[in-house]
Amino acid sequence: MEIFLKKTLGVEKSATLKEQTRKTVLVGLRPHPLHDQILFKLGSSHSLRLISNGLDLVRLIPEERPSLILLESDLPGLSGFQVAQLVKGHPTLHAIPIIIIVSQGYQIGQFWAKEARVDFCQPAPLYDPEKLSEIALKLVREFNTSSISEEAWEKLSSELSGDGVLAALSEILDEHLLESTIANHIARLSQGSTDLRNLVRSIMLLLRDILEYDAGAIHLFKQSEIYTFVAKGKPEDEHKVFLQNVIEYGDIYNVHLISDENVQPSEVPLGKFPPAYHDEGENPTIFTIPLEVRQGIIGTLTLETFKSAVKRDYYLRMLELITQQIALALDDALLYQEVHRLSTVDELTKLPNRRAFYALIEKEIIRTIRFKLPLSVAILDIDFFKNVNDTYGHLQGDCVLSECARIFNSSIREKIDTVARFGGEEFIILLPQTDNEKSRIVVERLRTAIEQHSFRMIESDGSLKVTVSVGLASIDGKTAHTLDEIINAADKALYKAKESGRNQIVEISDLD
């Protein structure tokens, strides 16, 4: 017992315990009463070598040839995480069992220990010396040091000597390995989700595994949206303060503010999580990091934490490693979203294109038949549009098309009806839950609005007048009709409207 007490006070090793028959345990623990029980059990039957510096511990591995390495995460020289990464990633040493005790307050410990393939990890708040002792003894019994040859040990002696080599490894382990590990996780997230909101939520959940936070947000400038993920039970007034901080800190990096100064970002809640236990301070610290890609800053990542001031450098260092990967993943998602938008939106009128309209109307027809609801489709064609192009030029024609699209879109029910560019000078309108009589009122209002509107001239102060012909088809939902049947009926009605003199509505209410 006297020998054990000397060890806990920092004596390197006892000659009594330096017996060749005993297996060696390298211990990277700083003195603490919680460690006494496990050290006592291991010391009674094994040779213990206590080293309080991670770098020195690694250098002693070839000399001591340990059957177990017991570490805490916070060690000078090399941290426990770095030692574990080095040993488990080494082609010769990877079989040596490692136990790591994660220091209180570092949420990333569980994540990092798993990535390092540590044999057992225990957070300090859940410290159970009895359980830890049993697992340590079991791992020592199972590992056979003779699996590593004498030649391999000699080679390791030269390989693991020299501060320069290990200092370089320390830097790699601390930055490159952590960054690449997290990058792989984020890459898998971005590959598995094409939905921006789901991707942002997955990223925020990953951050919860790495860094504790009470509230987090990703502010995307071009989207003018703030995605928030906060702890349950956060008071509304505190949430508003956090949101305002996100906006104010984001404004520092937002180069789009000059052109979009009247646009206020909208909040997109991502859900809530159980609050993390914290007793490190009454006032939170807010970290805001820009999300930067080659083209510039696309947004900011903001986290609110109650971590004490001494851990803020650690927090910032982790964020700096992570945010580059997050920015790249979000930039790819935004690019995908833009490509998808361009494939479904008419660039001139900013309305859905024919392809997008067909996808939408197909879903509406299924719903209409299922619930026996009415539905109407109208096709509108600008009369004598070729004359506009021939007389005033195609730029004037584009101006007329854009203005017609604006009038149509502003005259229908928001989030219910849909207007799309059907091709050339034709527009198509979907009116769900609208029978023939009501749809006639809607399209007549549109026809009249175009007839009474004065279209501006590009190259003069004058104005231009145009009219539209309309083909209208309606179903009551009681009889099944295909997508082609409904659109063909509206198209036939449009043909009759143009044949009958234009600037009028022809309707077909009975498709049979």
# chains A, B, ... in the order shown; residues from 1 in each chain; ligands from 1
call {"tool": "residues_around", "arguments": {"residues": "A:Val400", "least_positions_apart": "6", "cutoff": "12 Å", "atoms": "only C-alpha atoms", "output": "ChimeraX atom specification"}}
result
/A:348-349,382-383,385-386,388-389,392-394,406-407,424-425,450,453-458,463-468
call {"tool": "select_by_dssp", "arguments": {"residues": "stretch 309-475 of chain A", "states": "alpha helix (DSSP H)", "output": "number ranges by chain"}}
result
A: 312-344, 354-371, 385-392, 394-410, 436-452
call {"tool": "atom_distance", "arguments": {"atom1": "atom CA of A:Phe221", "atom2": "atom CA of A:Arg197"}}
result
14.6 Å
call {"tool": "closest_residue", "arguments": {"among": "A:Ile186, A:Ile487, A:Leu334, A:Val241", "to": "A:Ser376", "atoms": "only C-alpha atoms"}}
result
A:Ile487
call {"tool": "select_by_dssp", "arguments": {"residues": "stretch 194-305 of chain A", "states": "strand (DSSP E or B)", "output": "PyMOL selection string"}}
result
chain A and resi 215-220+225-231+266-273+285-293+296-305
call {"tool": "residues_around", "arguments": {"residues": "stretch 74-87 of chain A", "least_positions_apart": "5", "cutoff": "9 Å", "atoms": "only C-alpha atoms", "output": "VMD selection string"}}
result
chain A and resid 28 to 30 52 to 58 69 92 to 96 98 to 103 109 112 to 113 115 to 118 166 to 167 169 to 170 173 to 174 177
call {"tool": "write_last_selection", "arguments": {"atoms": "N, CA and C atoms", "output": "mmCIF file, in the first residue's frame"}}
result
data_model
loop_
_atom_site.group_PDB
_atom_site.id
_atom_site.type_symbol
_atom_site.label_atom_id
_atom_site.label_comp_id
_atom_site.auth_asym_id
_atom_site.auth_seq_id
_atom_site.Cartn_x
_atom_site.Cartn_y
_atom_site.Cartn_z
ATOM 1 N N GLY A 28 -1.649 7.206 -18.088
ATOM 2 C CA GLY A 28 -1.576 8.645 -18.329
ATOM 3 C C GLY A 28 -2.681 9.354 -17.597
ATOM 4 N N LEU A 29 -2.562 9.378 -16.268
ATOM 5 C CA LEU A 29 -3.564 10.023 -15.420
ATOM 6 C C LEU A 29 -2.867 11.001 -14.483
ATOM 7 N N ARG A 30 -3.457 12.156 -14.329
ATOM 8 C CA ARG A 30 -2.956 13.078 -13.321
ATOM 9 C C ARG A 30 -3.558 12.722 -11.967
ATOM 10 N N SER A 52 2.547 11.602 -16.703
ATOM 11 C CA SER A 52 1.538 12.662 -16.791
ATOM 12 C C SER A 52 1.623 13.463 -18.083
ATOM 13 N N ASN A 53 2.495 13.053 -18.993
ATOM 14 C CA ASN A 53 2.673 13.759 -20.260
ATOM 15 C C ASN A 53 2.445 12.782 -21.407
ATOM 16 N N GLY A 54 1.532 13.116 -22.316
ATOM 17 C CA GLY A 54 1.183 12.213 -23.402
ATOM 18 C C GLY A 54 2.351 11.922 -24.328
ATOM 19 N N LEU A 55 3.195 12.917 -24.583
ATOM 20 C CA LEU A 55 4.348 12.734 -25.451
ATOM 21 C C LEU A 55 5.347 11.758 -24.837
ATOM 22 N N ASP A 56 5.613 11.924 -23.528
ATOM 23 C CA ASP A 56 6.532 11.004 -22.838
ATOM 24 C C ASP A 56 5.969 9.590 -22.810
ATOM 25 N N LEU A 57 4.641 9.481 -22.662
ATOM 26 C CA LEU A 57 4.011 8.166 -22.618
ATOM 27 C C LEU A 57 4.229 7.419 -23.928
ATOM 28 N N VAL A 58 4.052 8.111 -25.043
ATOM 29 C CA VAL A 58 4.238 7.469 -26.348
ATOM 30 C C VAL A 58 5.686 7.009 -26.510
ATOM 31 N N ILE A 69 -3.080 0.594 -22.073
ATOM 32 C CA ILE A 69 -2.802 2.013 -21.890
ATOM 33 C C ILE A 69 -4.057 2.661 -21.324
ATOM 34 N N THR A 92 1.560 -1.592 -36.119
ATOM 35 C CA THR A 92 2.104 -2.531 -35.129
ATOM 36 C C THR A 92 1.415 -2.420 -33.780
ATOM 37 N N LEU A 93 1.108 -1.199 -33.359
ATOM 38 C CA LEU A 93 0.604 -0.962 -32.002
ATOM 39 C C LEU A 93 -0.910 -1.041 -31.867
ATOM 40 N N HIS A 94 -1.641 -1.134 -32.972
ATOM 41 C CA HIS A 94 -3.100 -0.987 -32.926
ATOM 42 C C HIS A 94 -3.803 -2.012 -32.037
ATOM 43 N N ALA A 95 -3.142 -3.155 -31.774
ATOM 44 C CA ALA A 95 -3.789 -4.195 -30.961
ATOM 45 C C ALA A 95 -3.723 -3.908 -29.465
ATOM 46 N N ILE A 96 -2.871 -2.975 -29.048
ATOM 47 C CA ILE A 96 -2.764 -2.653 -27.614
ATOM 48 C C ILE A 96 -4.075 -2.026 -27.160
ATOM 49 N N ILE A 98 -6.792 0.187 -25.221
ATOM 50 C CA ILE A 98 -6.743 1.543 -24.654
ATOM 51 C C ILE A 98 -8.071 1.855 -23.966
ATOM 52 N N ILE A 99 -7.963 2.390 -22.769
ATOM 53 C CA ILE A 99 -9.109 2.947 -22.048
ATOM 54 C C ILE A 99 -8.875 4.441 -21.916
ATOM 55 N N ILE A 100 -9.886 5.227 -22.190
ATOM 56 C CA ILE A 100 -9.744 6.680 -22.074
ATOM 57 C C ILE A 100 -10.859 7.239 -21.195
ATOM 58 N N ILE A 101 -10.482 8.101 -20.276
ATOM 59 C CA ILE A 101 -11.442 8.806 -19.420
ATOM 60 C C ILE A 101 -11.566 10.225 -19.975
ATOM 61 N N VAL A 102 -12.753 10.558 -20.412
ATOM 62 C CA VAL A 102 -12.968 11.857 -21.054
ATOM 63 C C VAL A 102 -13.214 12.913 -19.991
ATOM 64 N N SER A 103 -12.402 13.947 -20.011
ATOM 65 C CA SER A 103 -12.520 15.018 -19.019
ATOM 66 C C SER A 103 -13.888 15.674 -19.080
ATOM 67 N N GLY A 109 -15.542 14.165 -26.718
ATOM 68 C CA GLY A 109 -14.798 12.991 -26.288
ATOM 69 C C GLY A 109 -15.402 11.685 -26.758
ATOM 70 N N TRP A 112 -14.893 11.380 -30.514
ATOM 71 C CA TRP A 112 -13.494 11.210 -30.884
ATOM 72 C C TRP A 112 -12.959 9.845 -30.466
ATOM 73 N N ALA A 113 -13.341 9.387 -29.292
ATOM 74 C CA ALA A 113 -12.898 8.078 -28.820
ATOM 75 C C ALA A 113 -13.415 6.963 -29.724
ATOM 76 N N GLU A 115 -14.091 7.285 -32.948
ATOM 77 C CA GLU A 115 -13.347 7.350 -34.202
ATOM 78 C C GLU A 115 -11.931 6.786 -34.045
ATOM 79 N N ALA A 116 -11.373 6.887 -32.841
ATOM 80 C CA ALA A 116 -10.016 6.382 -32.591
ATOM 81 C C ALA A 116 -10.009 4.886 -32.293
ATOM 82 N N ARG A 117 -11.199 4.281 -32.271
ATOM 83 C CA ARG A 117 -11.350 2.839 -32.008
ATOM 84 C C ARG A 117 -10.819 2.461 -30.616
ATOM 85 N N VAL A 118 -11.055 3.343 -29.654
ATOM 86 C CA VAL A 118 -10.680 3.070 -28.265
ATOM 87 C C VAL A 118 -11.502 1.889 -27.758
ATOM 88 N N LEU A 166 7.208 13.522 -33.280
ATOM 89 C CA LEU A 166 5.954 13.463 -32.533
ATOM 90 C C LEU A 166 5.247 14.811 -32.499
ATOM 91 N N ALA A 167 6.023 15.879 -32.552
ATOM 92 C CA ALA A 167 5.393 17.197 -32.607
ATOM 93 C C ALA A 167 4.620 17.353 -33.911
ATOM 94 N N LEU A 169 3.399 14.831 -35.632
ATOM 95 C CA LEU A 169 2.234 13.954 -35.511
ATOM 96 C C LEU A 169 1.150 14.599 -34.666
ATOM 97 N N SER A 170 1.583 15.331 -33.642
ATOM 98 C CA SER A 170 0.614 16.011 -32.791
ATOM 99 C C SER A 170 -0.214 16.998 -33.590
ATOM 100 N N LEU A 173 -2.609 15.044 -35.849
ATOM 101 C CA LEU A 173 -3.706 14.440 -35.095
ATOM 102 C C LEU A 173 -4.701 15.495 -34.625
ATOM 103 N N ASP A 174 -4.169 16.651 -34.240
ATOM 104 C CA ASP A 174 -5.014 17.686 -33.673
ATOM 105 C C ASP A 174 -5.880 18.390 -34.718
ATOM 106 N N LEU A 177 -6.488 15.072 -38.825
ATOM 107 C CA LEU A 177 -7.301 13.887 -38.604
ATOM 108 C C LEU A 177 -8.709 14.234 -38.131
#
call {"tool": "closest_residue", "arguments": {"among": "A:Gln191, A:Thr391, A:Ser133, A:Ser410", "to": "A:Gln37", "atoms": "only C-alpha atoms"}}
result
A:Ser133
call {"tool": "residues_around", "arguments": {"residues": "A:Val442", "least_positions_apart": "2", "cutoff": "10 Å", "atoms": "only C-alpha atoms", "output": "list in words"}}
result
Ala378, Ser411, Ile412, Arg413, Leu431, Thr434, Asn436, Glu437, Lys438, Ser439, Arg440, Glu444, Arg445, Leu446 and Arg447 of chain A
call {"tool": "write_last_selection", "arguments": {"atoms": "C-alpha atoms", "output": "compact mmCIF listing (two decimals), in the first residue's frame"}}
result
# COMPACT_ATOMS: atom_id res chain seq x y z
CA ALA A 378 -57.18 27.14 -68.24
CA SER A 411 -54.49 37.64 -59.68
CA ILE A 412 -54.78 34.03 -58.46
CA ARG A 413 -55.07 32.53 -54.99
CA LEU A 431 -57.41 25.93 -60.19
CA THR A 434 -62.78 25.14 -58.36
CA ASN A 436 -66.68 25.51 -63.94
CA GLU A 437 -68.76 28.45 -62.72
CA LYS A 438 -66.12 29.77 -60.28
CA SER A 439 -63.23 29.17 -62.65
CA ARG A 440 -65.06 31.15 -65.35
CA GLU A 444 -62.61 36.37 -67.00
CA ARG A 445 -60.90 38.56 -64.41
CA LEU A 446 -57.53 37.63 -65.94
CA ARG A 447 -58.70 38.25 -69.50
call {"tool": "atom_distance", "arguments": {"atom1": "atom CA of A:Ser202", "atom2": "atom CA of A:Gly250"}}
result
21.4 Å
call {"tool": "closest_residue", "arguments": {"among": "A:Glu225, A:Asp214, A:Glu304, A:Asp251", "to": "A:Ser266", "atoms": "only C-alpha atoms"}}
result
A:Glu225
call {"tool": "decode", "arguments": {"residues": "stretch 345-461 of chain A", "atoms": "C-alpha atoms", "output": "mmCIF file, in the first residue's frame"}}
result
data_model
loop_
_atom_site.group_PDB
_atom_site.id
_atom_site.type_symbol
_atom_site.label_atom_id
_atom_site.label_comp_id
_atom_site.auth_asym_id
_atom_site.auth_seq_id
_atom_site.Cartn_x
_atom_site.Cartn_y
_atom_site.Cartn_z
ATOM 1 C CA VAL A 345 -38.636 27.528 -63.467
ATOM 2 C CA ASP A 346 -38.944 29.563 -66.659
ATOM 3 C CA GLU A 347 -36.065 32.026 -66.569
ATOM 4 C CA LEU A 348 -37.902 34.860 -68.370
ATOM 5 C CA THR A 349 -41.188 34.901 -66.452
ATOM 6 C CA LYS A 350 -39.929 33.276 -63.202
ATOM 7 C CA LEU A 351 -43.004 31.014 -63.335
ATOM 8 C CA PRO A 352 -42.930 27.200 -63.135
ATOM 9 C CA ASN A 353 -42.178 25.691 -66.521
ATOM 10 C CA ARG A 354 -44.135 23.023 -68.388
ATOM 11 C CA ARG A 355 -42.251 20.177 -66.717
ATOM 12 C CA ALA A 356 -42.933 21.467 -63.201
ATOM 13 C CA PHE A 357 -46.588 22.102 -64.021
ATOM 14 C CA TYR A 358 -47.149 18.544 -65.256
ATOM 15 C CA ALA A 359 -45.676 17.140 -62.015
ATOM 16 C CA LEU A 360 -47.963 19.381 -59.950
ATOM 17 C CA ILE A 361 -51.188 18.803 -61.865
ATOM 18 C CA GLU A 362 -50.691 15.048 -61.801
ATOM 19 C CA LYS A 363 -50.687 15.108 -57.988
ATOM 20 C CA GLU A 364 -53.731 17.394 -57.929
ATOM 21 C CA ILE A 365 -55.732 15.117 -60.230
ATOM 22 C CA ILE A 366 -55.053 12.133 -57.959
ATOM 23 C CA ARG A 367 -56.258 14.154 -54.960
ATOM 24 C CA THR A 368 -59.272 15.458 -56.914
ATOM 25 C CA ILE A 369 -60.471 11.972 -57.879
ATOM 26 C CA ARG A 370 -59.786 10.534 -54.418
ATOM 27 C CA PHE A 371 -61.821 13.159 -52.568
ATOM 28 C CA LYS A 372 -64.296 13.817 -55.426
ATOM 29 C CA LEU A 373 -63.358 17.496 -55.676
ATOM 30 C CA PRO A 374 -63.777 19.813 -58.678
ATOM 31 C CA LEU A 375 -60.759 21.049 -60.629
ATOM 32 C CA SER A 376 -60.267 23.438 -63.550
ATOM 33 C CA VAL A 377 -57.445 24.070 -66.006
ATOM 34 C CA ALA A 378 -57.178 27.136 -68.239
ATOM 35 C CA ILE A 379 -54.773 27.757 -71.119
ATOM 36 C CA LEU A 380 -54.255 31.421 -72.044
ATOM 37 C CA ASP A 381 -52.650 32.507 -75.316
ATOM 38 C CA ILE A 382 -51.544 36.077 -76.162
ATOM 39 C CA ASP A 383 -53.357 37.093 -79.343
ATOM 40 C CA PHE A 384 -51.224 38.029 -82.371
ATOM 41 C CA PHE A 385 -48.050 37.770 -80.324
ATOM 42 C CA LYS A 386 -45.974 37.182 -83.464
ATOM 43 C CA ASN A 387 -46.951 40.664 -84.619
ATOM 44 C CA VAL A 388 -45.515 42.116 -81.400
ATOM 45 C CA ASN A 389 -42.170 40.443 -82.041
ATOM 46 C CA ASP A 390 -42.117 41.354 -85.731
ATOM 47 C CA THR A 391 -43.143 44.982 -85.196
ATOM 48 C CA TYR A 392 -41.358 45.938 -81.980
ATOM 49 C CA GLY A 393 -38.666 43.262 -81.633
ATOM 50 C CA HIS A 394 -38.131 40.270 -79.392
ATOM 51 C CA LEU A 395 -37.045 42.345 -76.388
ATOM 52 C CA GLN A 396 -40.444 44.041 -76.444
ATOM 53 C CA GLY A 397 -42.055 40.624 -76.769
ATOM 54 C CA ASP A 398 -40.153 39.398 -73.719
ATOM 55 C CA CYS A 399 -41.345 42.471 -71.812
ATOM 56 C CA VAL A 400 -44.980 41.635 -72.675
ATOM 57 C CA LEU A 401 -44.534 38.008 -71.594
ATOM 58 C CA SER A 402 -42.974 39.029 -68.271
ATOM 59 C CA GLU A 403 -45.726 41.574 -67.557
ATOM 60 C CA CYS A 404 -48.481 39.061 -68.420
ATOM 61 C CA ALA A 405 -46.857 36.545 -66.053
ATOM 62 C CA ARG A 406 -46.823 39.148 -63.265
ATOM 63 C CA ILE A 407 -50.523 39.997 -63.812
ATOM 64 C CA PHE A 408 -51.556 36.339 -63.879
ATOM 65 C CA ASN A 409 -49.532 35.440 -60.797
ATOM 66 C CA SER A 410 -50.856 38.378 -58.760
ATOM 67 C CA SER A 411 -54.486 37.641 -59.675
ATOM 68 C CA ILE A 412 -54.778 34.027 -58.464
ATOM 69 C CA ARG A 413 -55.071 32.526 -54.990
ATOM 70 C CA GLU A 414 -51.668 32.351 -53.305
ATOM 71 C CA LYS A 415 -50.460 28.826 -52.398
ATOM 72 C CA ILE A 416 -53.620 27.307 -53.932
ATOM 73 C CA ASP A 417 -53.711 28.105 -57.641
ATOM 74 C CA THR A 418 -50.699 27.728 -59.920
ATOM 75 C CA VAL A 419 -49.817 29.579 -63.110
ATOM 76 C CA ALA A 420 -47.013 28.334 -65.371
ATOM 77 C CA ARG A 421 -45.495 29.177 -68.709
ATOM 78 C CA PHE A 422 -46.713 26.446 -71.037
ATOM 79 C CA GLY A 423 -44.530 27.379 -73.987
ATOM 80 C CA GLY A 424 -44.049 30.340 -76.342
ATOM 81 C CA GLU A 425 -46.839 32.843 -75.652
ATOM 82 C CA GLU A 426 -49.048 30.304 -73.822
ATOM 83 C CA PHE A 427 -49.703 30.196 -70.086
ATOM 84 C CA ILE A 428 -51.573 27.516 -68.149
ATOM 85 C CA ILE A 429 -53.406 27.889 -64.834
ATOM 86 C CA LEU A 430 -54.388 25.163 -62.380
ATOM 87 C CA LEU A 431 -57.407 25.928 -60.187
ATOM 88 C CA PRO A 432 -57.853 23.152 -57.564
ATOM 89 C CA GLN A 433 -61.223 22.730 -55.842
ATOM 90 C CA THR A 434 -62.780 25.139 -58.363
ATOM 91 C CA ASP A 435 -65.795 24.184 -60.488
ATOM 92 C CA ASN A 436 -66.681 25.507 -63.936
ATOM 93 C CA GLU A 437 -68.760 28.447 -62.716
ATOM 94 C CA LYS A 438 -66.124 29.767 -60.282
ATOM 95 C CA SER A 439 -63.235 29.166 -62.654
ATOM 96 C CA ARG A 440 -65.063 31.151 -65.355
ATOM 97 C CA ILE A 441 -65.103 34.160 -62.998
ATOM 98 C CA VAL A 442 -61.351 33.784 -62.331
ATOM 99 C CA VAL A 443 -60.256 33.556 -65.971
ATOM 100 C CA GLU A 444 -62.610 36.371 -67.004
ATOM 101 C CA ARG A 445 -60.904 38.559 -64.414
ATOM 102 C CA LEU A 446 -57.534 37.631 -65.939
ATOM 103 C CA ARG A 447 -58.704 38.251 -69.502
ATOM 104 C CA THR A 448 -60.084 41.652 -68.535
ATOM 105 C CA ALA A 449 -56.914 42.592 -66.622
ATOM 106 C CA ILE A 450 -54.779 41.958 -69.731
ATOM 107 C CA GLU A 451 -57.209 43.781 -72.032
ATOM 108 C CA GLN A 452 -57.203 46.888 -69.826
ATOM 109 C CA HIS A 453 -53.477 46.905 -69.114
ATOM 110 C CA SER A 454 -51.082 49.261 -70.921
ATOM 111 C CA PHE A 455 -47.770 47.538 -71.596
ATOM 112 C CA ARG A 456 -44.789 49.876 -71.528
ATOM 113 C CA MET A 457 -42.687 50.360 -74.637
ATOM 114 C CA ILE A 458 -38.943 49.779 -74.300
ATOM 115 C CA GLU A 459 -37.742 52.280 -76.905
ATOM 116 C CA SER A 460 -40.390 54.994 -76.504
ATOM 117 C CA ASP A 461 -42.709 56.616 -73.996
#
